[in-house]
file protein-v6.tsv (TSV, C-alpha atoms)
chain	number	residue	atom	x	y	z
A	1	MET	CA	20.30	9.50	-8.51
A	2	PRO	CA	18.54	9.02	-5.14
A	3	LYS	CA	18.86	5.65	-3.48
A	4	VAL	CA	15.10	5.30	-2.85
A	5	SER	CA	11.98	6.84	-4.38
A	6	ILE	CA	8.98	6.83	-2.03
A	7	ILE	CA	5.69	7.00	-3.94
A	8	VAL	CA	2.66	8.47	-2.18
A	9	PRO	CA	-0.78	8.64	-3.88
A	10	VAL	CA	-2.89	11.30	-2.18
A	11	TYR	CA	-6.64	11.83	-2.11
A	12	ASN	CA	-8.58	13.54	0.70
A	13	VAL	CA	-6.40	12.44	3.61
A	14	GLU	CA	-5.81	15.72	5.42
A	15	LYS	CA	-6.36	14.05	8.81
A	16	TYR	CA	-3.45	11.62	8.33
A	17	LEU	CA	-1.17	13.12	5.69
A	18	LYS	CA	1.18	15.02	8.01
A	19	GLN	CA	2.08	11.87	9.93
A	20	ALA	CA	2.86	10.06	6.67
A	21	LEU	CA	5.02	12.94	5.39
A	22	GLU	CA	6.81	13.33	8.71
A	23	SER	CA	7.77	9.66	8.57
A	24	ALA	CA	9.12	10.13	5.05
A	25	VAL	CA	11.11	13.36	5.41
A	26	ASN	CA	12.71	12.20	8.68
A	27	GLN	CA	14.10	8.93	7.33
A	28	THR	CA	17.60	8.07	8.56
A	29	LEU	CA	18.50	7.46	4.90
A	30	ASN	CA	18.74	11.01	3.61
A	31	ASP	CA	19.32	10.24	-0.08
A	32	ILE	CA	15.69	9.76	-1.08
A	33	GLU	CA	12.97	11.43	-3.11
A	34	ILE	CA	9.30	11.59	-2.13
A	35	ILE	CA	6.89	11.66	-5.07
A	36	CYS	CA	3.36	12.71	-4.10
A	37	VAL	CA	0.56	12.52	-6.66
A	38	ASP	CA	-2.50	14.50	-5.62
A	39	ASP	CA	-5.52	12.92	-7.29
A	40	CYS	CA	-7.74	16.04	-7.23
A	41	SER	CA	-8.23	16.20	-3.48
A	42	THR	CA	-11.14	18.34	-2.38
A	43	ASP	CA	-9.90	18.84	1.19
A	44	ASN	CA	-6.68	20.45	2.46
A	45	SER	CA	-4.37	17.64	1.32
A	46	LEU	CA	-2.74	19.56	-1.55
A	47	ASN	CA	-2.00	22.55	0.68
A	48	ILE	CA	-0.35	20.26	3.20
A	49	LEU	CA	1.84	18.79	0.43
A	50	LYS	CA	2.88	22.27	-0.68
A	51	GLU	CA	3.64	23.27	2.90
A	52	TYR	CA	6.02	20.33	3.27
A	53	GLN	CA	7.58	20.90	-0.15
A	54	LEU	CA	8.59	24.42	0.90
A	55	LYS	CA	10.54	22.88	3.77
A	56	ASP	CA	12.01	19.90	1.90
A	57	ASN	CA	13.05	19.99	-1.75
A	58	ARG	CA	13.14	16.19	-1.91
A	59	ILE	CA	9.34	16.28	-2.18
A	60	LYS	CA	7.93	16.32	-5.70
A	61	ILE	CA	4.24	17.08	-6.21
A	62	ILE	CA	2.20	16.06	-9.23
A	63	GLU	CA	-1.27	17.58	-9.46
A	64	GLN	CA	-3.80	15.52	-11.36
A	65	LYS	CA	-6.34	17.51	-13.37
A	66	GLU	CA	-8.86	14.70	-13.07
A	67	ASN	CA	-9.43	12.06	-10.42
A	68	LYS	CA	-8.31	8.75	-11.93
A	69	GLY	CA	-7.59	6.50	-8.96
A	70	GLN	CA	-4.54	5.13	-7.18
A	71	GLY	CA	-3.37	2.90	-10.02
A	72	VAL	CA	-2.98	5.80	-12.45
A	73	ALA	CA	-1.41	7.98	-9.74
A	74	ARG	CA	1.22	5.37	-8.92
A	75	ASN	CA	1.99	4.76	-12.61
A	76	ILE	CA	2.62	8.49	-13.12
A	77	ALA	CA	4.98	8.51	-10.16
A	78	LEU	CA	6.81	5.42	-11.45
A	79	ASP	CA	7.36	7.16	-14.80
A	80	ILE	CA	9.24	10.06	-13.21
A	81	ALA	CA	10.91	8.22	-10.32
A	82	SER	CA	14.71	8.38	-10.46
A	83	GLY	CA	15.63	6.28	-7.43
A	84	GLU	CA	17.55	3.02	-7.60
A	85	TYR	CA	14.79	1.39	-5.57
A	86	ILE	CA	11.07	1.98	-5.10
A	87	MET	CA	8.97	2.01	-1.95
A	88	PHE	CA	5.26	2.80	-1.58
A	89	LEU	CA	3.59	4.69	1.24
A	90	ASP	CA	-0.16	5.12	1.56
A	91	PRO	CA	-0.98	8.59	2.91
A	92	ASP	CA	-2.93	7.31	5.91
A	93	ASP	CA	-0.05	5.06	7.01
A	94	TRP	CA	3.50	5.80	8.10
A	95	LEU	CA	7.01	4.37	7.95
A	96	GLU	CA	9.39	3.61	10.77
A	97	LEU	CA	12.12	6.25	10.57
A	98	ASN	CA	14.81	3.70	9.66
A	99	ALA	CA	12.64	1.83	7.14
A	100	CYS	CA	14.34	3.10	3.99
A	101	GLU	CA	17.83	2.59	5.38
A	102	ILE	CA	17.24	-1.00	6.49
A	103	ALA	CA	15.34	-1.96	3.33
A	104	TYR	CA	17.87	-0.26	1.04
A	105	ASN	CA	20.88	-1.87	2.71
A	106	GLN	CA	19.41	-5.36	2.33
A	107	ILE	CA	18.19	-5.15	-1.26
A	108	ASN	CA	21.37	-3.41	-2.40
A	109	ARG	CA	23.62	-5.90	-0.63
A	110	ASN	CA	21.74	-8.98	-1.86
A	111	LYS	CA	20.97	-7.63	-5.35
A	112	ASN	CA	17.38	-8.85	-5.02
A	113	ASP	CA	14.50	-7.81	-7.22
A	114	LEU	CA	12.32	-7.30	-4.16
A	115	VAL	CA	12.55	-7.52	-0.39
A	116	PHE	CA	9.65	-8.12	2.00
A	117	PHE	CA	9.50	-6.58	5.48
A	118	GLY	CA	7.17	-6.61	8.47
A	119	THR	CA	4.10	-4.50	9.19
A	120	THR	CA	2.41	-3.31	12.37
A	121	THR	CA	-1.36	-2.93	12.08
A	122	HIS	CA	-3.04	-0.11	13.99
A	123	ILE	CA	-6.81	-0.31	14.46
A	124	GLU	CA	-7.97	3.26	14.84
A	125	LYS	CA	-11.36	2.46	16.37
A	126	THR	CA	-10.01	0.40	19.27
A	127	ARG	CA	-6.49	1.84	19.37
A	128	GLN	CA	-5.22	-1.71	19.21
A	129	ASN	CA	-1.80	-2.50	17.77
A	130	ILE	CA	-1.30	-5.88	16.11
A	131	TYR	CA	2.31	-6.97	15.86
A	132	LYS	CA	1.70	-10.49	14.62
A	133	ASP	CA	2.19	-10.19	10.88
A	134	ILE	CA	0.54	-12.85	8.70
A	135	ARG	CA	2.28	-11.38	5.65
A	136	LEU	CA	5.70	-12.58	6.80
A	137	GLN	CA	4.65	-15.85	8.46
A	138	PRO	CA	5.21	-18.04	5.36
A	139	PHE	CA	8.80	-16.79	5.10
A	140	SER	CA	9.94	-17.53	8.66
A	141	ASP	CA	12.32	-20.29	7.52
A	142	TYR	CA	13.98	-17.96	5.02
A	143	PHE	CA	14.82	-14.88	7.09
A	144	ASN	CA	18.54	-15.64	7.04
A	145	LYS	CA	18.72	-16.42	3.31
A	146	SER	CA	19.91	-13.69	0.96
A	147	ASN	CA	18.62	-15.01	-2.37
A	148	VAL	CA	15.34	-16.93	-2.41
A	149	LYS	CA	13.41	-18.19	-5.42
A	150	LEU	CA	9.84	-17.54	-4.36
A	151	TYR	CA	8.42	-20.52	-6.23
A	152	GLU	CA	10.62	-22.81	-4.12
A	153	ILE	CA	8.77	-21.86	-0.93
A	154	GLY	CA	6.85	-24.97	0.04
A	155	ILE	CA	3.69	-23.42	1.47
A	156	PRO	CA	1.36	-20.92	-0.20
A	157	PHE	CA	2.86	-17.54	0.65
A	158	ILE	CA	0.54	-15.05	-1.05
A	159	LYS	CA	-1.55	-13.62	1.78
A	160	THR	CA	-2.36	-10.29	0.16
A	161	PHE	CA	-1.66	-8.19	-2.92
A	162	GLU	CA	-0.73	-5.15	-0.84
A	163	ILE	CA	2.34	-3.48	-2.27
A	164	TRP	CA	3.66	-1.33	0.56
A	165	TYR	CA	5.49	-3.92	2.69
A	166	LYS	CA	8.22	-4.39	0.10
A	167	ILE	CA	11.07	-2.52	-1.57
A	168	TYR	CA	11.58	-3.06	-5.31
A	169	ASN	CA	14.53	-2.84	-7.67
A	170	HIS	CA	13.59	-0.01	-10.03
A	171	SER	CA	15.54	-1.49	-12.96
A	172	PHE	CA	13.65	-4.76	-12.55
A	173	ILE	CA	10.31	-2.92	-12.71
A	174	LYS	CA	11.32	-0.95	-15.81
A	175	GLN	CA	12.81	-3.91	-17.67
A	176	ASN	CA	9.63	-5.92	-17.21
A	177	GLN	CA	7.34	-2.93	-17.83
A	178	ILE	CA	5.43	-3.64	-14.65
A	179	LYS	CA	2.54	-1.25	-14.09
A	180	PHE	CA	-0.62	-0.91	-12.04
A	181	SER	CA	-3.98	-1.55	-13.59
A	182	THR	CA	-5.82	1.63	-14.55
A	183	GLU	CA	-9.02	0.22	-13.07
A	184	ARG	CA	-10.21	1.96	-9.94
A	185	PHE	CA	-10.55	-1.21	-7.93
A	186	GLY	CA	-8.16	-4.10	-7.38
A	187	GLU	CA	-5.53	-2.11	-9.27
A	188	GLU	CA	-2.65	-3.43	-7.17
A	189	GLY	CA	-3.12	-7.02	-8.36
A	190	ASP	CA	-1.35	-6.61	-11.70
A	191	PHE	CA	1.69	-4.98	-10.14
A	192	SER	CA	1.96	-7.31	-7.17
A	193	LEU	CA	1.47	-10.52	-9.15
A	194	LYS	CA	4.04	-9.63	-11.79
A	195	THR	CA	6.68	-8.52	-9.30
A	196	ILE	CA	6.30	-11.86	-7.54
A	197	VAL	CA	6.26	-14.07	-10.64
A	198	LEU	CA	8.88	-12.25	-12.71
A	199	SER	CA	11.37	-11.69	-9.90
A	200	ASP	CA	14.59	-13.65	-9.90
A	201	THR	CA	15.37	-13.54	-6.19
A	202	ALA	CA	13.91	-12.07	-3.04
A	203	SER	CA	14.81	-11.80	0.63
A	204	PHE	CA	13.04	-10.97	3.88
A	205	ILE	CA	13.52	-8.58	6.79
A	206	ASP	CA	12.12	-9.80	10.11
A	207	LYS	CA	11.47	-6.26	11.34
A	208	HIS	CA	8.32	-4.14	11.34
A	209	LEU	CA	9.17	-1.21	9.09
A	210	TYR	CA	5.69	-0.18	7.96
A	211	ASN	CA	2.68	0.97	9.98
A	212	TYR	CA	-0.68	0.15	8.45
A	213	ARG	CA	-3.74	1.96	9.74
A	214	ILE	CA	-7.27	0.53	9.66
A	215	ARG	CA	-9.38	3.65	9.73
A	216	ASN	CA	-12.59	4.26	11.69
A	217	SER	CA	-14.51	4.93	8.52
A	218	SER	CA	-13.85	1.38	7.25
A	219	VAL	CA	-13.55	2.85	3.77
A	220	THR	CA	-12.24	-0.37	2.25
A	221	THR	CA	-15.16	-2.42	3.54
A	222	GLN	CA	-17.66	0.14	2.27
A	223	ILE	CA	-16.07	0.18	-1.17
A	224	TYR	CA	-15.94	-3.61	-1.41
A	225	ALA	CA	-19.59	-3.83	-0.41
A	226	LYS	CA	-20.52	-1.47	-3.25
A	227	ARG	CA	-18.05	-2.59	-5.91
A	228	TYR	CA	-17.53	-6.27	-5.17
A	229	MET	CA	-18.05	-7.29	-8.81
A	230	GLU	CA	-15.10	-5.13	-9.83
A	231	TYR	CA	-12.96	-6.91	-7.24
A	232	ILE	CA	-14.04	-10.29	-8.61
A	233	ALA	CA	-13.27	-9.18	-12.17
A	234	ALA	CA	-9.82	-7.91	-11.15
A	235	ARG	CA	-8.86	-11.17	-9.47
A	236	GLU	CA	-10.24	-13.22	-12.36
A	237	LYS	CA	-8.01	-11.21	-14.69
A	238	ASN	CA	-5.03	-11.98	-12.43
A	239	TYR	CA	-5.85	-15.69	-12.69
A	240	TYR	CA	-5.78	-15.65	-16.48
A	241	ASP	CA	-2.71	-13.41	-16.59
A	242	LEU	CA	-0.84	-15.86	-14.40
A	243	GLN	CA	-1.40	-18.60	-16.96
A	244	THR	CA	0.38	-16.54	-19.62
A	245	LEU	CA	3.35	-15.36	-17.53
A	246	SER	CA	6.69	-17.10	-17.68
A	247	ASN	CA	6.98	-19.47	-14.69
A	248	GLY	CA	3.35	-18.66	-13.85
A	249	ASN	CA	2.51	-22.34	-13.37
A	250	LYS	CA	5.02	-22.50	-10.49
A	251	TYR	CA	2.97	-19.95	-8.59
A	252	MET	CA	-0.51	-21.25	-9.37
A	253	SER	CA	-1.05	-23.10	-6.08
A	254	ALA	CA	0.00	-20.07	-4.03
A	255	PHE	CA	-2.30	-17.83	-6.06
A	256	LEU	CA	-5.26	-20.22	-5.88
A	257	VAL	CA	-5.10	-20.31	-2.09
A	258	TYR	CA	-5.14	-16.51	-1.99
A	259	TYR	CA	-7.86	-16.29	-4.66
A	260	ILE	CA	-10.25	-18.72	-2.96
A	261	ASN	CA	-9.65	-17.39	0.55
A	262	SER	CA	-10.13	-13.78	-0.52
A	263	LEU	CA	-13.44	-14.56	-2.26
A	264	GLU	CA	-14.70	-16.29	0.88
A	265	TYR	CA	-13.47	-13.42	3.08
A	266	TRP	CA	-15.38	-10.79	1.13
A	267	TYR	CA	-18.45	-13.01	0.86
A	268	LYS	CA	-18.64	-12.96	4.65
A	269	ARG	CA	-18.07	-9.18	4.77
A	270	ILE	CA	-20.85	-8.64	2.24
A	271	GLU	CA	-23.30	-10.60	4.42
A	272	SER	CA	-24.28	-7.33	6.09
A	273	THR	CA	-25.35	-5.74	2.80
A	274	ASN	CA	-28.71	-6.22	1.09
A	275	ILE	CA	-29.85	-9.65	-0.03
A	276	ILE	CA	-29.63	-8.88	-3.77
A	277	LYS	CA	-25.93	-8.03	-3.51
A	278	LYS	CA	-25.32	-11.16	-1.49
A	279	ILE	CA	-27.07	-13.35	-4.06
A	280	ASN	CA	-25.18	-11.73	-6.95
A	281	TYR	CA	-21.88	-12.19	-5.19
A	282	TYR	CA	-22.66	-15.83	-4.37
A	283	TYR	CA	-23.61	-16.51	-7.98
A	284	ALA	CA	-20.32	-15.05	-9.28
A	285	MET	CA	-18.22	-16.73	-6.58
A	286	ARG	CA	-19.85	-20.12	-7.15
A	287	ASN	CA	-19.21	-19.98	-10.90
A	288	ILE	CA	-15.55	-19.19	-10.22
A	289	PHE	CA	-15.25	-22.06	-7.75
A	290	ILE	CA	-16.77	-24.49	-10.28
A	291	LYS	CA	-14.34	-23.33	-12.94
A	292	LEU	CA	-11.32	-23.50	-10.62
A	293	ASN	CA	-12.34	-27.00	-9.53
A	294	LYS	CA	-12.47	-28.19	-13.14
A	295	GLN	CA	-9.17	-26.59	-14.16
A	296	ASN	CA	-7.05	-27.30	-11.07
A	297	ASP	CA	-6.34	-29.93	-8.45
A	298	ILE	CA	-8.01	-28.14	-5.54
A	299	LYS	CA	-7.60	-31.17	-3.26
A	300	SER	CA	-3.86	-30.55	-3.24
A	301	ILE	CA	-4.42	-27.22	-1.45
A	302	CYS	CA	-7.44	-28.26	0.65
A	303	SER	CA	-5.56	-27.80	3.95
A	304	PHE	CA	-4.91	-24.12	3.14
A	305	ILE	CA	-8.51	-23.16	2.30
A	306	ASN	CA	-11.96	-23.66	3.83
A	307	TYR	CA	-12.54	-26.78	1.75
A	308	ASP	CA	-15.98	-27.41	3.24
A	309	PHE	CA	-17.14	-23.91	2.27
A	310	PHE	CA	-15.66	-24.36	-1.22
A	311	ASN	CA	-17.51	-27.65	-1.79
A	312	LYS	CA	-20.79	-26.37	-0.37
A	313	ALA	CA	-20.67	-23.39	-2.73
A	314	ILE	CA	-20.18	-25.73	-5.68
A	315	SER	CA	-22.98	-28.10	-4.65
A	316	ARG	CA	-25.57	-25.45	-3.75
A	317	ASN	CA	-27.04	-23.80	-6.82
A	318	VAL	CA	-28.36	-20.28	-6.52
A	319	LEU	CA	-31.98	-21.40	-6.01
A	320	LEU	CA	-30.97	-23.63	-3.09
A	321	PHE	CA	-28.79	-20.86	-1.71
A	322	ILE	CA	-31.70	-18.39	-1.82
A	323	THR	CA	-33.99	-20.92	-0.13
A	324	ILE	CA	-31.52	-21.49	2.71
A	325	LEU	CA	-30.93	-17.74	3.00
A	326	CYS	CA	-34.65	-17.04	3.29
A	327	LEU	CA	-35.14	-19.82	5.85
A	328	LYS	CA	-32.37	-18.36	7.96
A	329	LYS	CA	-34.12	-15.00	7.83
A	330	ILE	CA	-37.40	-16.35	9.19
A	331	LEU	CA	-36.22	-19.36	11.22
A	332	TYR	CA	-33.20	-19.28	13.51
A	333	PHE	CA	-31.97	-22.00	15.88
A	334	ASN	CA	-29.16	-21.68	18.38
A	335	ASP	CA	-27.85	-24.28	20.77
A	336	ASP	CA	-25.53	-22.98	23.50
A	337	ASN	CA	-24.29	-24.73	26.63
A	338	HIS	CA	-27.37	-23.90	28.68
A	339	HIS	CA	-30.34	-23.20	26.39
A	340	PHE	CA	-32.07	-23.97	23.13
A	341	VAL	CA	-33.14	-20.81	21.30
A	342	LEU	CA	-35.67	-20.96	18.46
A	343	SER	CA	-36.57	-17.78	16.61
A	344	PHE	CA	-39.40	-17.56	14.07
A	345	LEU	CA	-40.16	-14.26	12.33
A	346	GLY	CA	-38.42	-12.44	15.15
A	347	ILE	CA	-40.29	-14.27	17.97
A	348	LYS	CA	-37.83	-16.07	20.28
A	349	ILE	CA	-38.60	-19.20	22.28
A	350	LYS	CA	-35.97	-20.11	24.87
A	351	ALA	CA	-35.78	-23.45	26.73
A	352	LYS	CA	-33.34	-24.42	29.44
A	353	LYS	CA	-31.54	-27.75	29.06
A	354	ARG	CA	-32.08	-30.48	31.60
A	355	THR	CA	-29.02	-31.76	33.42
A	356	ILE	CA	-28.78	-34.91	35.56
A	357	ASN	CA	-25.61	-35.32	37.57
A	358	GLY	CA	-23.90	-32.72	35.40
A	359	VAL	CA	-24.83	-34.47	32.16
A	360	LYS	CA	-26.88	-32.52	29.59
A	361	TYR	CA	-29.69	-34.33	27.84
A	362	GLU	CA	-30.45	-32.76	24.49
call {"tool": "encode", "arguments": {"input": "protein-v6.tsv", "output": "structure tokens"}}
result
Amino acid sequence: MPKVSIIVPVYNVEKYLKQALESAVNQTLNDIEIICVDDCSTDNSLNILKEYQLKDNRIKIIEQKENKGQGVARNIALDIASGEYIMFLDPDDWLELNACEIAYNQINRNKNDLVFFGTTTHIEKTRQNIYKDIRLQPFSDYFNKSNVKLYEIGIPFIKTFEIWYKIYNHSFIKQNQIKFSTERFGEEGDFSLKTIVLSDTASFIDKHLYNYRIRNSSVTTQIYAKRYMEYIAAREKNYYDLQTLSNGNKYMSAFLVYYINSLEYWYKRIESTNIIKKINYYYAMRNIFIKLNKQNDIKSICSFINYDFFNKAISRNVLLFITILCLKKILYFNDDNHHFVLSFLGIKIKAKKRTINGVKYE
């Protein structure tokens, strides 16, 4: 039995795949298996997998006959994984070479159900590296603790439903029958939420073991802009699932902060899309906010969300929202330190502010 199974879903990533595989096969922990599920790639990804398999028999390749998405691919890999512990690697990212060893040693020593570790974000377009990791920030007071009950953490700690900055006890996953959603979008929510809520104990590694790449193509943003309603549906399902899970009520505040903040985040990202999509998204988001406000004490988490945005969305019906949106399109006013700028139907009028003895009169 290998100590760690690394699961890699693969679809059309020939540009990045070799770096991901190099980081996996060269781990300082040798006793691992690498399960790659090719989801009907149409580029050279499958050939790259086979090339690496010839050189390393720890690599297992599963070829999908039909493209079914990352959730299905990861579930298939989980079904055949034989490692004591599970890690996930996206094929356009890469692991630090000692990631498996450090993560394995901690989770095995502490007998945790899951262990969180740090991530470095690499922005491909600007070649910028971001070392400040918001994912681990809520756990800073717990780095030296070996067995933490997640619901005891005082501040909302769910920043994302990403799955790859953790190592999981395989027995824990199997016993609780934890799987990914088979939906093509937001599929990680089911898995991530259940591993958090159903876990007994967790611990944290204050080291950056995973490298997350934000690609030039901004694929995620493009997908969200097109399939935002699927994202909303997935998170709404997570909300209702949480109410049925054992101990789910202990995690509701942490989830609500994530839920509300993520809806606002993608609302702002969708602003660049056409007006119909924006109106549809606002309508769905507003209805969710109204429901959450009726069913929960949102004031208790107001310091962790944009409470003003939340209340404005509730108070502005869709007709008022459309009116304001249209007015902003034809009438724009900006007030900077030196000028007033008024724009009407694309025509800009600029006026310099008067100052007397350094004081501006507006």
call {"tool": "residues_around", "arguments": {"input": "protein-v6.tsv", "residues": "segment 60-73 of chain A", "least_positions_apart": "4", "cutoff": "8 Å", "atoms": "all atoms listed in the file", "output": "list of chain:residue names"}}
result
A:Pro9, A:Glu33, A:Ile34, A:Ile35, A:Cys36, A:Val37, A:Asp38, A:Asp39, A:Cys40, A:Leu49, A:Lys50, A:Gln53, A:Ala77, A:Phe180, A:Ser181, A:Thr182, A:Glu183, A:Arg184, A:Glu187, A:Glu188
call {"tool": "atom_distance", "arguments": {"input": "protein-v6.tsv", "atom1": "atom CA of Ser253 of chain A", "atom2": "atom CA of Leu209 of chain A"}}
result
28.5 Å
call {"tool": "closest_residue", "arguments": {"input": "protein-v6.tsv", "among": "A:Ser300, A:Ser203, A:Asn216, A:Thr160", "to": "Val115 of chain A", "atoms": "all atoms listed in the file"}}
result
A:Ser203
call {"tool": "residues_near_point", "arguments": {"input": "protein-v6.tsv", "point": "(-22.9, -14.9, 0.9)", "cutoff": "8 Å", "atoms": "only C-alpha atoms", "output": "MDAnalysis selection string"}}
result
chainID A and resid 267:268 270:271 278:279 281:282
call {"tool": "residues_around", "arguments": {"input": "protein-v6.tsv", "residues": "Phe172 of chain A", "least_positions_apart": "4", "cutoff": "8 Å", "atoms": "only C-alpha atoms", "output": "list in words"}}
result
Asp113, Tyr168, Asn176 and Ser199 of chain A
call {"tool": "atom_distance", "arguments": {"input": "protein-v6.tsv", "atom1": "atom CA of Ile80 of chain A", "atom2": "atom CA of Arg213 of chain A"}}
result
27.6 Å
call {"tool": "closest_residue", "arguments": {"input": "protein-v6.tsv", "among": "A:Lys15, A:His208, A:Lys3, A:Lys149", "to": "Ile107 of chain A", "atoms": "all atoms listed in the file"}}
result
A:Lys3
call {"tool": "residues_near_point", "arguments": {"input": "protein-v6.tsv", "point": "(5.5, -12.2, 9.4)", "cutoff": "12 Å", "atoms": "all atoms listed in the file", "output": "ChimeraX atom specification"}}
result
/A:116-121,130-143,157-159,165,204-209
call {"tool": "write_last_selection", "arguments": {"input": "protein-v6.tsv", "atoms": "C-alpha atoms", "output": "PDB file, in the coordinates of the input"}}
result
ATOM      1  CA  PHE A 116       9.650  -8.120   2.000  1.00  0.00           C
ATOM      2  CA  PHE A 117       9.500  -6.580   5.480  1.00  0.00           C
ATOM      3  CA  GLY A 118       7.170  -6.610   8.470  1.00  0.00           C
ATOM      4  CA  THR A 119       4.100  -4.500   9.190  1.00  0.00           C
ATOM      5  CA  THR A 120       2.410  -3.310  12.370  1.00  0.00           C
ATOM      6  CA  THR A 121      -1.360  -2.930  12.080  1.00  0.00           C
ATOM      7  CA  ILE A 130      -1.300  -5.880  16.110  1.00  0.00           C
ATOM      8  CA  TYR A 131       2.310  -6.970  15.860  1.00  0.00           C
ATOM      9  CA  LYS A 132       1.700 -10.490  14.620  1.00  0.00           C
ATOM     10  CA  ASP A 133       2.190 -10.190  10.880  1.00  0.00           C
ATOM     11  CA  ILE A 134       0.540 -12.850   8.700  1.00  0.00           C
ATOM     12  CA  ARG A 135       2.280 -11.380   5.650  1.00  0.00           C
ATOM     13  CA  LEU A 136       5.700 -12.580   6.800  1.00  0.00           C
ATOM     14  CA  GLN A 137       4.650 -15.850   8.460  1.00  0.00           C
ATOM     15  CA  PRO A 138       5.210 -18.040   5.360  1.00  0.00           C
ATOM     16  CA  PHE A 139       8.800 -16.790   5.100  1.00  0.00           C
ATOM     17  CA  SER A 140       9.940 -17.530   8.660  1.00  0.00           C
ATOM     18  CA  ASP A 141      12.320 -20.290   7.520  1.00  0.00           C
ATOM     19  CA  TYR A 142      13.980 -17.960   5.020  1.00  0.00           C
ATOM     20  CA  PHE A 143      14.820 -14.880   7.090  1.00  0.00           C
ATOM     21  CA  PHE A 157       2.860 -17.540   0.650  1.00  0.00           C
ATOM     22  CA  ILE A 158       0.540 -15.050  -1.050  1.00  0.00           C
ATOM     23  CA  LYS A 159      -1.550 -13.620   1.780  1.00  0.00           C
ATOM     24  CA  TYR A 165       5.490  -3.920   2.690  1.00  0.00           C
ATOM     25  CA  PHE A 204      13.040 -10.970   3.880  1.00  0.00           C
ATOM     26  CA  ILE A 205      13.520  -8.580   6.790  1.00  0.00           C
ATOM     27  CA  ASP A 206      12.120  -9.800  10.110  1.00  0.00           C
ATOM     28  CA  LYS A 207      11.470  -6.260  11.340  1.00  0.00           C
ATOM     29  CA  HIS A 208       8.320  -4.140  11.340  1.00  0.00           C
ATOM     30  CA  LEU A 209       9.170  -1.210   9.090  1.00  0.00           C
TER      31      LEU A 209
END
call {"tool": "closest_residue", "arguments": {"input": "protein-v6.tsv", "among": "A:Leu245, A:Tyr251, A:Glu236, A:Asn306", "to": "Lys291 of chain A", "atoms": "all atoms listed in the file"}}
result
A:Glu236
call {"tool": "residues_around", "arguments": {"input": "protein-v6.tsv", "residues": "Ile167 of chain A", "least_positions_apart": "4", "cutoff": "10 Å", "atoms": "all atoms listed in the file", "output": "list of chain:residue names"}}
result
A:Val4, A:Ser5, A:Ile6, A:Tyr85, A:Ile86, A:Met87, A:Phe88, A:Ala99, A:Cys100, A:Ala103, A:Tyr104, A:Gln106, A:Ile107, A:Asn112, A:Asp113, A:Leu114, A:Val115, A:Phe116, A:Phe117, A:Ile163
call {"tool": "residues_around", "arguments": {"input": "protein-v6.tsv", "residues": "Gln19 of chain A", "least_positions_apart": "6", "cutoff": "8 Å", "atoms": "only C-alpha atoms", "output": "list in words"}}
result
Asp92, Asp93 and Trp94 of chain A
call {"tool": "write_last_selection", "arguments": {"input": "protein-v6.tsv", "atoms": "C-alpha atoms", "output": "compact mmCIF listing (two decimals), in the frame of the given file"}}
result
# COMPACT_ATOMS: atom_id res chain seq x y z
CA ASP A 92 -2.93 7.31 5.91
CA ASP A 93 -0.05 5.06 7.01
CA TRP A 94 3.50 5.80 8.10
call {"tool": "closest_residue", "arguments": {"input": "protein-v6.tsv", "among": "A:Ile153, A:Ile123, A:Leu193, A:Ile232", "to": "Glu264 of chain A", "atoms": "all atoms listed in the file"}}
result
A:Ile232
call {"tool": "atom_distance", "arguments": {"input": "protein-v6.tsv", "atom1": "atom CA of Arg227 of chain A", "atom2": "atom CA of Gly186 of chain A"}}
result
10.1 Å
call {"tool": "closest_residue", "arguments": {"input": "protein-v6.tsv", "among": "A:Asn317, A:Thr201, A:Asn30, A:Asn75", "to": "Gln177 of chain A", "atoms": "all atoms listed in the file"}}
result
A:Asn75
call {"tool": "closest_residue", "arguments": {"input": "protein-v6.tsv", "among": "A:Asp241, A:Asn169, A:Phe255, A:Val197", "to": "Leu78 of chain A", "atoms": "only C-alpha atoms"}}
result
A:Asn169
call {"tool": "residues_around", "arguments": {"input": "protein-v6.tsv", "residues": "Ala254 of chain A", "least_positions_apart": "4", "cutoff": "10 Å", "atoms": "all atoms listed in the file", "output": "list in words"}}
result
Tyr151, Ile153, Gly154, Ile155, Pro156, Phe157, Ile158, Lys159, Asn249, Lys250, Tyr258, Tyr259, Ile301 and Phe304 of chain A
call {"tool": "axis_aligned_box", "arguments": {"input": "protein-v6.tsv", "around": "segment 9-25 of chain A", "padding_each_side": "6 Å", "output": "AutoDock Vina command-line options"}}
result
--center_x 1.3 --center_y 12.2 --center_z 3.0 --size_x 31.7 --size_y 19.1 --size_z 25.8
